[in-house]
Structures are given as C-alpha cells and as structure tokens.
Number of protein chains: 2
Amino acid sequence: MAFKSLAQPRKRLADQVYEQIMTAIHNGDITPDDRIVQEKLAEDFCISRTPVREALFRLEQEGILTVARRGGFRIRQFGQDEIRELYEGRCAVEAFAARMLAQRNDKEINDQLRQTIAAAENLTEETVEAYYNANRAIHKAIVEASANRYLLEFFENIWNRSSSLAIFSTIRDTDLSASLGDHMSLVDAIESGNDSFAAEKMITHITDGYRLQIKDG
Amino acid sequence: MAFKSLAQPRKRLADQVYEQIMTAIHNGDITPDDRIVQEKLAEDFCISRTPVREALFRLEQEGILTVARRGGFRIRQFGQDEIRELYEGRCAVEAFAARMLAQRNDKEINDQLRQTIAAAENLTEETVEAYYNANRAIHKAIVEASANRYLLEFFENIWNRSSSLAIFSTIRDTDLSASLGDHMSLVDAIESGNDSFAAEKMITHITDGYRLQIKDG
DNA sequence: TTTACGTATACCGTATACAGTACTCGATAG
DNA sequence: CTATCGAGTACTGTATACGGTATACGTAAA
C-alpha cells in the first residue's frame, strides 16, 4: 500500500497571499503608485484581514513593501544610493560564493555550471525580461553551488527587492550579448582554483553590470 | 512654544513582544528546551494572541525560532554544518566591508575604528559574555563603517541567530587575548589600501575564530 | 479667497470567537 | 504485555468585532 502523502506543510492563506502579491509585483500588476490596503486586498481575495496582514508585514520586513502615508503599503522605491548598495550586497555574497567554489574547484560542479549557463543564455526571445531571468538564474546557480544556505538567503533577499523595478535588468539590448557572454569566464576564473582571482572576477562582473545600469538611468 | 512631539512611530505591541523575547533568549531566560506557545505567551504578557503571533512569525522568519512539533516554537538549534555556514556568511559580509573600507582608505574612519576597538577591548570583566559583546561591537563597527545598509542587515541577521548559543563566543579564556589582539591588525590591513589584502585578512581572522570554536565543541 | 475648525471616514491594531487539526492518553481487545 | 482505537485536549488558523487615530472634507469666519 503506497499512498501519496497529502499532508501539506503549513498551507496557510498568508503564504498564498504573499506569493500572489509577489508575482503581481513581478508582472507589473501592482505599480509603485498603487496603495495596498489590508481591507481592500482582503475583500479582493475574499478572505479576512488577518492573513493579508501577515503577508503584508512579511513583505515589508523583506524590504519589498514600505508603509505609505495615509495607511497601507506601497512598493518600495530605490534611490541611486540604494541601488549602488544593492550591487555592493550582491558583490559581497556572490564574490564569496565564487571564492568558495574556486577553493573547492570541483570539476563536476564547474561542468554543471557551464551547462546551466549555456542553457540559460540560449534565449528564446530577446526581451529585457528574458535577459533578467537568464541572468538571475545563472547567478543563482553559482550561489546555490556554494551550498551555503545563508548566502542563498541573502541572494534571494537582494534580488527579490529588485523585482518591482527589475533593477538588475535595465540594460539596453546592445549590451545584452556582452554581459551574457561574460558568464563563462566566471567559471574559468573558478576553475583556475585561485580563490581571490575568482572573487575579484565576480566583483568586476557585477560592477560592470552596475555601470551599464547607471549609464542607462 | 516648544513641546516635545509625542507621536511615537508604530508603537505596536508586537514589536515589544519581539524585543522581550529577543532579550529573554539572550539572557537565557528561554532555553532551547522551552516550547513557546502563542496562548501561553499571550497570557504571560496579558495581551491577546494576535500581536504575539506576529512577533513569533517574525522571529521565525529571521531564523531565530523554528516550529516545534506539537505546535509552538522553540529556539532554533544549529548543527555543525550550519555553524560553519554562519561563519562563511560572516566572511562574505565582513570581508566585503573590509574591502570597501580599504578602497576608500579614509584616515578619519580608520582612526575612529581604532578608537572603537581600543574601547571595546578594554574589558571590565573577563567573562565569555563580555568577550562576545566586545567582539560583536568591533565587527559591527567595521560593517557600519562600510555604510551599506544591506551588509549591516545581513550582519545583524547572522549574529542575531547566534544569540541563543552565543555561538561566536564559545572560546576558552586562554584564547581571548589572542583573538582580541588581532582586531587592530584588521585596521592595519584596511589602511594598506590593498582591498584584496584587507578582505583576505578579514577572512582569515574570522576563520581563526571558527577554528577555535570547533576545537572547543 | 483663504484659514480654522468640526465631523465624517478610512484604516489600523488588538481582542475575541469559532472551527479544524494533531497530539495525548486511557480503555479495550488480542 | 502490546497494539488499536476513540475521546479529550492543546494549539493553531481564520473570521469578526471594537475602539482609536489620522486623514479628508465641508462649512463658517476673516
């Protein structure tokens, strides 16, 4: 007798609300101008305010929403300073991941990374959205390979904040190919086994992306 | 007419509960064996379950509490793997802070750091607790000096998890002086202006602490 | 027309109520 | 004595109710 377990862990409504808002932000269904109000949202979802409340607070704590005056929340906006700091945060996390990978220098992992990069860079459509997703997937793969749950947590923390503005993807089409092509050389650096070199390669890679970003804005 | 503003921003009960639990954990008033139950806690505080609930979820999200079976929460325990990963997380964050400081190489900041370190290392009592606080203060000062809110956020995130076990302070008395003395050389490294060197110096400093930690456990 | 003020309302925080789920533990059958 | 079942209970998640605070808005005075 082999039944599939249907015990779903923690099926709380708040989680679903959280997800829905997250994707709504990602799709642009919620813009930075919109004011998100507990009561209104609860009514839309046809549930009570309690779970909505919980989801909103979580999103606030993660820096995705911010309290609006007149009550309610808004999508958090970023000034140039904060964007720079986000990139610096990325450097800290991802450079150390690269460093760890270089120290380990595991052929299997490196090959796997190459495959992931190749697959991700093979864009079916050349939109900014597609580029963003590919770029994020590649960088996430690197952090995941480092096998450190905190690095991964911080990675997601940083990138999730950008979902509203797609901060890390505001790059003109002309720059796409150049930036994408650089990823393989990250693995080259890792494969050298020189951990400092790998870390610095990652930093310059991210910093290059930042330069394109500010040149655009 | 000059009255003091009594508008207190966001004076929610949940925040107070959060703080209380946090310090209770820090003081050891809540041990990892204790099971924290919403109803019970609400009764202790003489408030309803709603704000307690909110505080507990926040503590869970921050990785300080974890759901216990039979309901309720308990203090999150760490295996050796997770402790190593915490130290790696520290390396990522603090090494990059050191790197940024070396790049800036601002005499005023460096001098300020030296002063902070000297003040913190001047322990009035030679307890592990005192050592922990001094060490944390010093490292926090470095990250604060980097002036990056995300690095600081991650720093707090990591260190707060350790408050239960005081993970980062389980060092025998004999090692205290050695480990404390090393902090000034961190500033030396920053002052060299060589950013990679500063980063690596921080990594070895933290790794040394980790070695002491595992030798102890 | 502008300013001051009172009232309505929008929204929130907290308390309470209710229903469902998972564990405990004792009783009963083997 | 061990295993199975069922009632009780321990907690939770969600809904609802209530009171308070800040904003919006209309009205009257200058």
# chains A, B, ... in the order shown; residues from 1 in each chain; ligands from 1

$ residues_around --residues "D:DG8" --least-positions-apart "2" --cutoff "10 Å" --atoms "only C-alpha atoms (C1' of nucleotides)" --output "short mmCIF file (atom, residue, chain, number, x, y, z; two decimals) with N, CA and C atoms (P, O5', C5', C4', C3', O3' and C1' of nucleotides), in the first residue's frame"
data_model
loop_
_atom_site.label_atom_id
_atom_site.label_comp_id
_atom_site.auth_asym_id
_atom_site.auth_seq_id
_atom_site.Cartn_x
_atom_site.Cartn_y
_atom_site.Cartn_z
P DT C 24 2.26 13.56 21.81
"O5'" DT C 24 1.02 13.42 22.79
"C5'" DT C 24 0.43 14.60 23.34
"C4'" DT C 24 -0.50 14.20 24.48
"C3'" DT C 24 -0.04 13.00 25.29
"O3'" DT C 24 -0.33 13.23 26.67
"C1'" DT C 24 -2.16 12.54 24.30
P DC C 25 0.35 12.25 27.72
"O5'" DC C 25 -0.93 11.42 28.21
"C5'" DC C 25 -2.22 12.03 28.19
"C4'" DC C 25 -3.28 10.94 28.33
"C3'" DC C 25 -2.79 9.66 29.00
"O3'" DC C 25 -3.82 9.16 29.84
"C1'" DC C 25 -3.69 9.13 26.92
P DG D 6 -12.72 3.66 16.46
"O5'" DG D 6 -12.86 4.61 17.72
"C5'" DG D 6 -13.23 4.05 18.98
"C4'" DG D 6 -13.21 5.14 20.04
"C3'" DG D 6 -13.71 6.49 19.56
"O3'" DG D 6 -14.47 7.09 20.59
"C1'" DG D 6 -11.51 6.73 20.34
P DA D 10 -5.13 20.29 27.88
"O5'" DA D 10 -4.06 20.79 26.82
"C5'" DA D 10 -3.42 19.78 26.05
"C4'" DA D 10 -2.75 20.41 24.86
"C3'" DA D 10 -2.44 21.89 24.98
"O3'" DA D 10 -1.23 22.09 24.30
"C1'" DA D 10 -3.85 21.55 23.13
#

$ interface_residues --of "chain D" --to "chain B" --cutoff "12 Å" --atoms "only C-alpha atoms (C1' of nucleotides)" --output "compact mmCIF listing (two decimals) with N, CA and C atoms (P, O5', C5', C4', C3', O3' and C1' of nucleotides), in the first residue's frame"
# COMPACT_ATOMS: atom_id res chain seq x y z
P DA D 10 -5.13 20.29 27.88
O5' DA D 10 -4.06 20.79 26.82
C5' DA D 10 -3.42 19.78 26.05
C4' DA D 10 -2.75 20.41 24.86
C3' DA D 10 -2.44 21.89 24.98
O3' DA D 10 -1.23 22.09 24.30
C1' DA D 10 -3.85 21.55 23.13
P DC D 11 -0.37 23.44 24.58
O5' DC D 11 -0.27 24.02 23.12
C5' DC D 11 -1.46 24.15 22.39
C4' DC D 11 -1.12 24.40 20.96
C3' DC D 11 -1.05 25.88 20.63
O3' DC D 11 -0.10 26.16 19.63
C1' DC D 11 -2.96 24.85 19.59
P DT D 12 0.12 27.66 19.15
O5' DT D 12 -0.30 27.60 17.62
C5' DT D 12 -0.17 26.37 16.91
C4' DT D 12 -1.18 26.31 15.78
C3' DT D 12 -1.33 27.63 15.03
O3' DT D 12 -0.89 27.47 13.69
C1' DT D 12 -3.48 26.70 15.60
P DG D 13 -0.71 28.73 12.74
O5' DG D 13 -2.12 28.85 12.02
C5' DG D 13 -2.48 27.89 11.05
C4' DG D 13 -3.84 28.24 10.47
C3' DG D 13 -3.91 29.62 9.83
O3' DG D 13 -4.63 29.51 8.60
C1' DG D 13 -5.52 29.46 11.56
P DT D 14 -4.75 30.76 7.65
O5' DT D 14 -6.18 31.30 8.05
C5' DT D 14 -7.31 30.46 7.86
C4' DT D 14 -8.55 31.16 8.35
C3' DT D 14 -8.75 32.58 7.83
O3' DT D 14 -9.95 32.59 7.08
C1' DT D 14 -9.13 32.46 10.17
P DT D 21 -6.10 57.29 20.39
O5' DT D 21 -5.48 57.59 18.96
C5' DT D 21 -4.66 56.61 18.34
C4' DT D 21 -4.46 56.97 16.89
C3' DT D 21 -4.25 58.46 16.62
O3' DT D 21 -3.26 58.58 15.63
C1' DT D 21 -6.04 57.67 15.33
P DA D 22 -2.40 59.91 15.47
O5' DA D 22 -2.46 60.19 13.92
C5' DA D 22 -2.16 59.13 13.03
C4' DA D 22 -2.94 59.29 11.74
C3' DA D 22 -2.80 60.67 11.10
O3' DA D 22 -2.62 60.50 9.71
C1' DA D 22 -5.07 60.16 11.36

$ closest_residue --among "C:DT3, C:DA10, C:DA22, C:DA17" --to "chain B" --atoms "only C-alpha atoms (C1' of nucleotides)"
C:DA22

$ residues_around --residues "stretch 92-106 of chain A" --least-positions-apart "2" --cutoff "9 Å" --atoms "only C-alpha atoms (C1' of nucleotides)" --output "MDAnalysis selection string"
(chainID A and resid 87:90 108:111 139:140 142:148 151:152 154:155 186:187 189:203 206) or (chainID B and resid 88:89 91:97 151)

$ atom_distance --atom1 "atom CA of A:Gln80" --atom2 "atom CA of A:Tyr210"
10.9 Å

$ atom_distance --atom1 "atom C1' of C:DC23" --atom2 "atom C1' of D:DT9"
8.7 Å

$ interface_residues --of "chain B" --to "chain C" --cutoff "8 Å" --atoms "only C-alpha atoms (C1' of nucleotides)" --output "list in words"
Arg12, Ser48, Thr50, Pro51 and Arg70 of chain B

$ write_last_selection --atoms "N, CA and C atoms" --output "short mmCIF file (atom, residue, chain, number, x, y, z; two decimals), in the first residue's frame"
data_model
loop_
_atom_site.label_atom_id
_atom_site.label_comp_id
_atom_site.auth_asym_id
_atom_site.auth_seq_id
_atom_site.Cartn_x
_atom_site.Cartn_y
_atom_site.Cartn_z
N ARG B 12 3.50 49.41 18.06
CA ARG B 12 2.71 48.19 18.16
C ARG B 12 3.20 47.23 19.24
N SER B 48 -3.64 39.82 23.89
CA SER B 48 -4.27 38.78 23.08
C SER B 48 -3.23 38.06 22.24
N THR B 50 -3.03 37.86 19.05
CA THR B 50 -2.71 38.47 17.75
C THR B 50 -1.32 39.08 17.67
N PRO B 51 -0.95 39.99 18.58
CA PRO B 51 0.39 40.56 18.46
C PRO B 51 1.49 39.55 18.75
N ARG B 70 4.19 19.32 17.87
CA ARG B 70 3.22 19.56 18.94
C ARG B 70 2.80 21.01 18.99
#

$ decode --residues "chain D" --atoms "N, CA and C atoms (P, O5', C5', C4', C3', O3' and C1' of nucleotides)" --output "PDB file, in the first residue's frame"
ATOM      1  P    DC D   1       2.585  -5.887  32.263  1.00  0.00           P
ATOM      2  O5'  DC D   1       3.197  -6.990  31.390  1.00  0.00           O
ATOM      3  C5'  DC D   1       4.266  -7.446  30.660  1.00  0.00           C
ATOM      4  C4'  DC D   1       4.049  -7.435  29.186  1.00  0.00           C
ATOM      5  C3'  DC D   1       4.176  -6.061  28.537  1.00  0.00           C
ATOM      6  O3'  DC D   1       4.979  -6.188  27.354  1.00  0.00           O
ATOM      7  C1'  DC D   1       2.084  -7.017  27.945  1.00  0.00           C
ATOM      8  P    DT D   2       5.415  -4.902  26.532  1.00  0.00           P
ATOM      9  O5'  DT D   2       4.422  -4.955  25.298  1.00  0.00           O
ATOM     10  C5'  DT D   2       4.420  -6.093  24.431  1.00  0.00           C
ATOM     11  C4'  DT D   2       3.409  -5.877  23.330  1.00  0.00           C
ATOM     12  C3'  DT D   2       3.503  -4.523  22.623  1.00  0.00           C
ATOM     13  O3'  DT D   2       3.464  -4.744  21.217  1.00  0.00           O
ATOM     14  C1'  DT D   2       1.286  -4.905  23.370  1.00  0.00           C
ATOM     15  P    DA D   3       3.583  -3.538  20.158  1.00  0.00           P
ATOM     16  O5'  DA D   3       2.086  -3.462  19.622  1.00  0.00           O
ATOM     17  C5'  DA D   3       1.469  -4.643  19.125  1.00  0.00           C
ATOM     18  C4'  DA D   3       0.048  -4.328  18.706  1.00  0.00           C
ATOM     19  C3'  DA D   3      -0.087  -3.043  17.897  1.00  0.00           C
ATOM     20  O3'  DA D   3      -1.001  -3.270  16.830  1.00  0.00           O
ATOM     21  C1'  DA D   3      -1.432  -2.899  19.832  1.00  0.00           C
ATOM     22  P    DT D   4      -1.381  -2.117  15.783  1.00  0.00           P
ATOM     23  O5'  DT D   4      -2.843  -1.733  16.253  1.00  0.00           O
ATOM     24  C5'  DT D   4      -3.806  -2.774  16.452  1.00  0.00           C
ATOM     25  C4'  DT D   4      -5.169  -2.151  16.744  1.00  0.00           C
ATOM     26  C3'  DT D   4      -5.489  -0.900  15.932  1.00  0.00           C
ATOM     27  O3'  DT D   4      -6.858  -0.954  15.538  1.00  0.00           O
ATOM     28  C1'  DT D   4      -5.604  -0.387  18.233  1.00  0.00           C
ATOM     29  P    DC D   5      -7.424   0.075  14.426  1.00  0.00           P
ATOM     30  O5'  DC D   5      -8.463   0.911  15.305  1.00  0.00           O
ATOM     31  C5'  DC D   5      -9.415   0.196  16.104  1.00  0.00           C
ATOM     32  C4'  DC D   5      -9.866   1.094  17.231  1.00  0.00           C
ATOM     33  C3'  DC D   5     -10.435   2.443  16.802  1.00  0.00           C
ATOM     34  O3'  DC D   5     -11.824   2.466  17.099  1.00  0.00           O
ATOM     35  C1'  DC D   5      -8.990   2.635  18.704  1.00  0.00           C
ATOM     36  P    DG D   6     -12.717   3.660  16.462  1.00  0.00           P
ATOM     37  O5'  DG D   6     -12.858   4.613  17.723  1.00  0.00           O
ATOM     38  C5'  DG D   6     -13.226   4.050  18.983  1.00  0.00           C
ATOM     39  C4'  DG D   6     -13.206   5.135  20.039  1.00  0.00           C
ATOM     40  C3'  DG D   6     -13.711   6.494  19.559  1.00  0.00           C
ATOM     41  O3'  DG D   6     -14.474   7.094  20.590  1.00  0.00           O
ATOM     42  C1'  DG D   6     -11.509   6.734  20.337  1.00  0.00           C
ATOM     43  P    DA D   7     -15.460   8.273  20.285  1.00  0.00           P
ATOM     44  O5'  DA D   7     -15.303   9.150  21.591  1.00  0.00           O
ATOM     45  C5'  DA D   7     -15.236   8.503  22.871  1.00  0.00           C
ATOM     46  C4'  DA D   7     -14.383   9.348  23.809  1.00  0.00           C
ATOM     47  C3'  DA D   7     -14.755  10.831  23.834  1.00  0.00           C
ATOM     48  O3'  DA D   7     -14.738  11.277  25.181  1.00  0.00           O
ATOM     49  C1'  DA D   7     -12.477  10.596  23.249  1.00  0.00           C
ATOM     50  P    DG D   8     -15.164  12.747  25.535  1.00  0.00           P
ATOM     51  O5'  DG D   8     -13.766  13.445  25.860  1.00  0.00           O
ATOM     52  C5'  DG D   8     -12.985  12.932  26.943  1.00  0.00           C
ATOM     53  C4'  DG D   8     -11.644  13.631  26.967  1.00  0.00           C
ATOM     54  C3'  DG D   8     -11.710  15.157  27.066  1.00  0.00           C
ATOM     55  O3'  DG D   8     -10.811  15.583  28.080  1.00  0.00           O
ATOM     56  C1'  DG D   8     -10.384  14.527  25.199  1.00  0.00           C
ATOM     57  P    DT D   9     -10.721  17.114  28.447  1.00  0.00           P
ATOM     58  O5'  DT D   9      -9.418  17.607  27.674  1.00  0.00           O
ATOM     59  C5'  DT D   9      -8.216  16.852  27.776  1.00  0.00           C
ATOM     60  C4'  DT D   9      -7.134  17.593  27.015  1.00  0.00           C
ATOM     61  C3'  DT D   9      -7.288  19.114  27.032  1.00  0.00           C
ATOM     62  O3'  DT D   9      -6.028  19.735  26.962  1.00  0.00           O
ATOM     63  C1'  DT D   9      -7.277  18.411  24.865  1.00  0.00           C
ATOM     64  P    DA D  10      -5.127  20.287  27.881  1.00  0.00           P
ATOM     65  O5'  DA D  10      -4.060  20.786  26.819  1.00  0.00           O
ATOM     66  C5'  DA D  10      -3.424  19.782  26.050  1.00  0.00           C
ATOM     67  C4'  DA D  10      -2.746  20.408  24.862  1.00  0.00           C
ATOM     68  C3'  DA D  10      -2.444  21.891  24.984  1.00  0.00           C
ATOM     69  O3'  DA D  10      -1.232  22.092  24.305  1.00  0.00           O
ATOM     70  C1'  DA D  10      -3.849  21.552  23.132  1.00  0.00           C
ATOM     71  P    DC D  11      -0.372  23.441  24.581  1.00  0.00           P
ATOM     72  O5'  DC D  11      -0.265  24.023  23.119  1.00  0.00           O
ATOM     73  C5'  DC D  11      -1.461  24.151  22.387  1.00  0.00           C
ATOM     74  C4'  DC D  11      -1.121  24.395  20.957  1.00  0.00           C
ATOM     75  C3'  DC D  11      -1.051  25.883  20.634  1.00  0.00           C
ATOM     76  O3'  DC D  11      -0.099  26.160  19.628  1.00  0.00           O
ATOM     77  C1'  DC D  11      -2.956  24.854  19.588  1.00  0.00           C
ATOM     78  P    DT D  12       0.116  27.662  19.150  1.00  0.00           P
ATOM     79  O5'  DT D  12      -0.300  27.603  17.622  1.00  0.00           O
ATOM     80  C5'  DT D  12      -0.172  26.367  16.909  1.00  0.00           C
ATOM     81  C4'  DT D  12      -1.177  26.314  15.778  1.00  0.00           C
ATOM     82  C3'  DT D  12      -1.327  27.629  15.030  1.00  0.00           C
ATOM     83  O3'  DT D  12      -0.887  27.471  13.690  1.00  0.00           O
ATOM     84  C1'  DT D  12      -3.477  26.703  15.600  1.00  0.00           C
ATOM     85  P    DG D  13      -0.705  28.729  12.743  1.00  0.00           P
ATOM     86  O5'  DG D  13      -2.116  28.850  12.024  1.00  0.00           O
ATOM     87  C5'  DG D  13      -2.485  27.889  11.046  1.00  0.00           C
ATOM     88  C4'  DG D  13      -3.837  28.243  10.468  1.00  0.00           C
ATOM     89  C3'  DG D  13      -3.911  29.621   9.828  1.00  0.00           C
ATOM     90  O3'  DG D  13      -4.627  29.512   8.601  1.00  0.00           O
ATOM     91  C1'  DG D  13      -5.524  29.464  11.563  1.00  0.00           C
ATOM     92  P    DT D  14      -4.746  30.756   7.646  1.00  0.00           P
ATOM     93  O5'  DT D  14      -6.179  31.301   8.050  1.00  0.00           O
ATOM     94  C5'  DT D  14      -7.309  30.458   7.860  1.00  0.00           C
ATOM     95  C4'  DT D  14      -8.549  31.156   8.355  1.00  0.00           C
ATOM     96  C3'  DT D  14      -8.752  32.580   7.828  1.00  0.00           C
ATOM     97  O3'  DT D  14      -9.955  32.594   7.084  1.00  0.00           O
ATOM     98  C1'  DT D  14      -9.129  32.460  10.173  1.00  0.00           C
ATOM     99  P    DA D  15     -10.511  33.976   6.503  1.00  0.00           P
ATOM    100  O5'  DA D  15     -11.591  34.349   7.615  1.00  0.00           O
ATOM    101  C5'  DA D  15     -12.543  33.366   7.989  1.00  0.00           C
ATOM    102  C4'  DA D  15     -13.518  33.947   9.002  1.00  0.00           C
ATOM    103  C3'  DA D  15     -14.087  35.326   8.657  1.00  0.00           C
ATOM    104  O3'  DA D  15     -15.487  35.316   8.879  1.00  0.00           O
ATOM    105  C1'  DA D  15     -13.060  35.395  10.790  1.00  0.00           C
ATOM    106  P    DT D  16     -16.332  36.615   8.462  1.00  0.00           P
ATOM    107  O5'  DT D  16     -16.452  37.414   9.830  1.00  0.00           O
ATOM    108  C5'  DT D  16     -16.958  36.726  10.966  1.00  0.00           C
ATOM    109  C4'  DT D  16     -16.851  37.599  12.199  1.00  0.00           C
ATOM    110  C3'  DT D  16     -17.370  39.041  12.042  1.00  0.00           C
ATOM    111  O3'  DT D  16     -18.305  39.266  13.079  1.00  0.00           O
ATOM    112  C1'  DT D  16     -15.268  39.020  13.101  1.00  0.00           C
ATOM    113  P    DA D  17     -19.181  40.587  13.051  1.00  0.00           P
ATOM    114  O5'  DA D  17     -18.654  41.303  14.380  1.00  0.00           O
ATOM    115  C5'  DA D  17     -18.303  40.504  15.506  1.00  0.00           C
ATOM    116  C4'  DA D  17     -17.721  41.404  16.587  1.00  0.00           C
ATOM    117  C3'  DA D  17     -18.256  42.831  16.565  1.00  0.00           C
ATOM    118  O3'  DA D  17     -18.398  43.277  17.907  1.00  0.00           O
ATOM    119  C1'  DA D  17     -15.914  42.856  16.289  1.00  0.00           C
ATOM    120  P    DC D  18     -19.111  44.686  18.205  1.00  0.00           P
ATOM    121  O5'  DC D  18     -17.916  45.559  18.788  1.00  0.00           O
ATOM    122  C5'  DC D  18     -16.994  44.950  19.691  1.00  0.00           C
ATOM    123  C4'  DC D  18     -15.866  45.916  19.967  1.00  0.00           C
ATOM    124  C3'  DC D  18     -16.291  47.389  19.947  1.00  0.00           C
ATOM    125  O3'  DC D  18     -15.748  48.021  21.082  1.00  0.00           O
ATOM    126  C1'  DC D  18     -14.454  47.053  18.512  1.00  0.00           C
ATOM    127  P    DG D  19     -16.297  49.441  21.511  1.00  0.00           P
ATOM    128  O5'  DG D  19     -14.961  50.277  21.692  1.00  0.00           O
ATOM    129  C5'  DG D  19     -13.786  49.630  22.208  1.00  0.00           C
ATOM    130  C4'  DG D  19     -12.571  50.411  21.779  1.00  0.00           C
ATOM    131  C3'  DG D  19     -12.761  51.926  21.776  1.00  0.00           C
ATOM    132  O3'  DG D  19     -11.612  52.531  22.341  1.00  0.00           O
ATOM    133  C1'  DG D  19     -12.057  51.217  19.649  1.00  0.00           C
ATOM    134  P    DG D  20     -11.498  54.078  22.559  1.00  0.00           P
ATOM    135  O5'  DG D  20     -10.218  54.474  21.709  1.00  0.00           O
ATOM    136  C5'  DG D  20      -9.064  53.631  21.742  1.00  0.00           C
ATOM    137  C4'  DG D  20      -8.146  54.014  20.605  1.00  0.00           C
ATOM    138  C3'  DG D  20      -7.999  55.528  20.425  1.00  0.00           C
ATOM    139  O3'  DG D  20      -6.632  55.829  20.207  1.00  0.00           O
ATOM    140  C1'  DG D  20      -8.706  54.544  18.396  1.00  0.00           C
ATOM    141  P    DT D  21      -6.101  57.290  20.393  1.00  0.00           P
ATOM    142  O5'  DT D  21      -5.483  57.591  18.962  1.00  0.00           O
ATOM    143  C5'  DT D  21      -4.660  56.610  18.342  1.00  0.00           C
ATOM    144  C4'  DT D  21      -4.459  56.969  16.891  1.00  0.00           C
ATOM    145  C3'  DT D  21      -4.253  58.460  16.621  1.00  0.00           C
ATOM    146  O3'  DT D  21      -3.259  58.582  15.626  1.00  0.00           O
ATOM    147  C1'  DT D  21      -6.036  57.673  15.328  1.00  0.00           C
ATOM    148  P    DA D  22      -2.400  59.910  15.472  1.00  0.00           P
ATOM    149  O5'  DA D  22      -2.465  60.188  13.917  1.00  0.00           O
ATOM    150  C5'  DA D  22      -2.156  59.126  13.029  1.00  0.00           C
ATOM    151  C4'  DA D  22      -2.941  59.294  11.745  1.00  0.00           C
ATOM    152  C3'  DA D  22      -2.799  60.668  11.102  1.00  0.00           C
ATOM    153  O3'  DA D  22      -2.619  60.499   9.711  1.00  0.00           O
ATOM    154  C1'  DA D  22      -5.067  60.163  11.365  1.00  0.00           C
ATOM    155  P    DT D  23      -1.810  61.566   8.897  1.00  0.00           P
ATOM    156  O5'  DT D  23      -2.803  61.882   7.695  1.00  0.00           O
ATOM    157  C5'  DT D  23      -3.256  60.808   6.888  1.00  0.00           C
ATOM    158  C4'  DT D  23      -4.653  61.075   6.395  1.00  0.00           C
ATOM    159  C3'  DT D  23      -4.819  62.376   5.597  1.00  0.00           C
ATOM    160  O3'  DT D  23      -5.039  62.032   4.236  1.00  0.00           O
ATOM    161  C1'  DT D  23      -6.647  61.970   7.072  1.00  0.00           C
ATOM    162  P    DA D  24      -5.329  63.160   3.165  1.00  0.00           P
ATOM    163  O5'  DA D  24      -6.926  63.246   3.218  1.00  0.00           O
ATOM    164  C5'  DA D  24      -7.683  62.057   3.115  1.00  0.00           C
ATOM    165  C4'  DA D  24      -9.150  62.408   2.910  1.00  0.00           C
ATOM    166  C3'  DA D  24      -9.398  63.576   1.965  1.00  0.00           C
ATOM    167  O3'  DA D  24     -10.576  63.301   1.203  1.00  0.00           O
ATOM    168  C1'  DA D  24     -10.223  64.118   4.116  1.00  0.00           C
ATOM    169  P    DC D  25     -11.065  64.353   0.129  1.00  0.00           P
ATOM    170  O5'  DC D  25     -12.221  65.125   0.909  1.00  0.00           O
ATOM    171  C5'  DC D  25     -13.159  64.383   1.686  1.00  0.00           C
ATOM    172  C4'  DC D  25     -14.176  65.345   2.269  1.00  0.00           C
ATOM    173  C3'  DC D  25     -14.413  66.593   1.427  1.00  0.00           C
ATOM    174  O3'  DC D  25     -15.796  66.917   1.441  1.00  0.00           O
ATOM    175  C1'  DC D  25     -13.777  67.229   3.575  1.00  0.00           C
ATOM    176  P    DG D  26     -16.365  67.887   0.290  1.00  0.00           P
ATOM    177  O5'  DG D  26     -17.535  68.646   1.066  1.00  0.00           O
ATOM    178  C5'  DG D  26     -18.308  67.937   2.029  1.00  0.00           C
ATOM    179  C4'  DG D  26     -18.597  68.845   3.206  1.00  0.00           C
ATOM    180  C3'  DG D  26     -19.172  70.215   2.822  1.00  0.00           C
ATOM    181  O3'  DG D  26     -20.223  70.537   3.707  1.00  0.00           O
ATOM    182  C1'  DG D  26     -17.245  70.507   4.129  1.00  0.00           C
ATOM    183  P    DT D  27     -21.305  71.686   3.310  1.00  0.00           P
ATOM    184  O5'  DT D  27     -21.153  72.737   4.484  1.00  0.00           O
ATOM    185  C5'  DT D  27     -21.047  72.281   5.838  1.00  0.00           C
ATOM    186  C4'  DT D  27     -20.468  73.389   6.704  1.00  0.00           C
ATOM    187  C3'  DT D  27     -20.938  74.803   6.335  1.00  0.00           C
ATOM    188  O3'  DT D  27     -21.333  75.482   7.506  1.00  0.00           O
ATOM    189  C1'  DT D  27     -18.609  74.746   6.492  1.00  0.00           C
ATOM    190  P    DA D  28     -22.251  76.770   7.376  1.00  0.00           P
ATOM    191  O5'  DA D  28     -21.439  77.789   8.301  1.00  0.00           O
ATOM    192  C5'  DA D  28     -21.048  77.374   9.616  1.00  0.00           C
ATOM    193  C4'  DA D  28     -19.855  78.206  10.063  1.00  0.00           C
ATOM    194  C3'  DA D  28     -20.060  79.719   9.935  1.00  0.00           C
ATOM    195  O3'  DA D  28     -19.548  80.372  11.091  1.00  0.00           O
ATOM    196  C1'  DA D  28     -18.144  79.068   8.735  1.00  0.00           C
ATOM    197  P    DA D  29     -20.008  81.836  11.417  1.00  0.00           P
ATOM    198  O5'  DA D  29     -18.625  82.629  11.464  1.00  0.00           O
ATOM    199  C5'  DA D  29     -17.656  82.284  12.458  1.00  0.00           C
ATOM    200  C4'  DA D  29     -16.279  82.755  12.021  1.00  0.00           C
ATOM    201  C3'  DA D  29     -16.173  84.266  11.823  1.00  0.00           C
ATOM    202  O3'  DA D  29     -14.992  84.743  12.476  1.00  0.00           O
ATOM    203  C1'  DA D  29     -15.411  83.147   9.882  1.00  0.00           C
ATOM    204  P    DA D  30     -14.740  86.289  12.701  1.00  0.00           P
ATOM    205  O5'  DA D  30     -13.582  86.642  11.651  1.00  0.00           O
ATOM    206  C5'  DA D  30     -12.279  86.111  11.859  1.00  0.00           C
ATOM    207  C4'  DA D  30     -11.417  86.438  10.668  1.00  0.00           C
ATOM    208  C3'  DA D  30     -11.375  87.922  10.328  1.00  0.00           C
ATOM    209  O3'  DA D  30     -10.039  88.380  10.333  1.00  0.00           O
ATOM    210  C1'  DA D  30     -11.881  86.631   8.385  1.00  0.00           C
TER     211       DA D  30
END
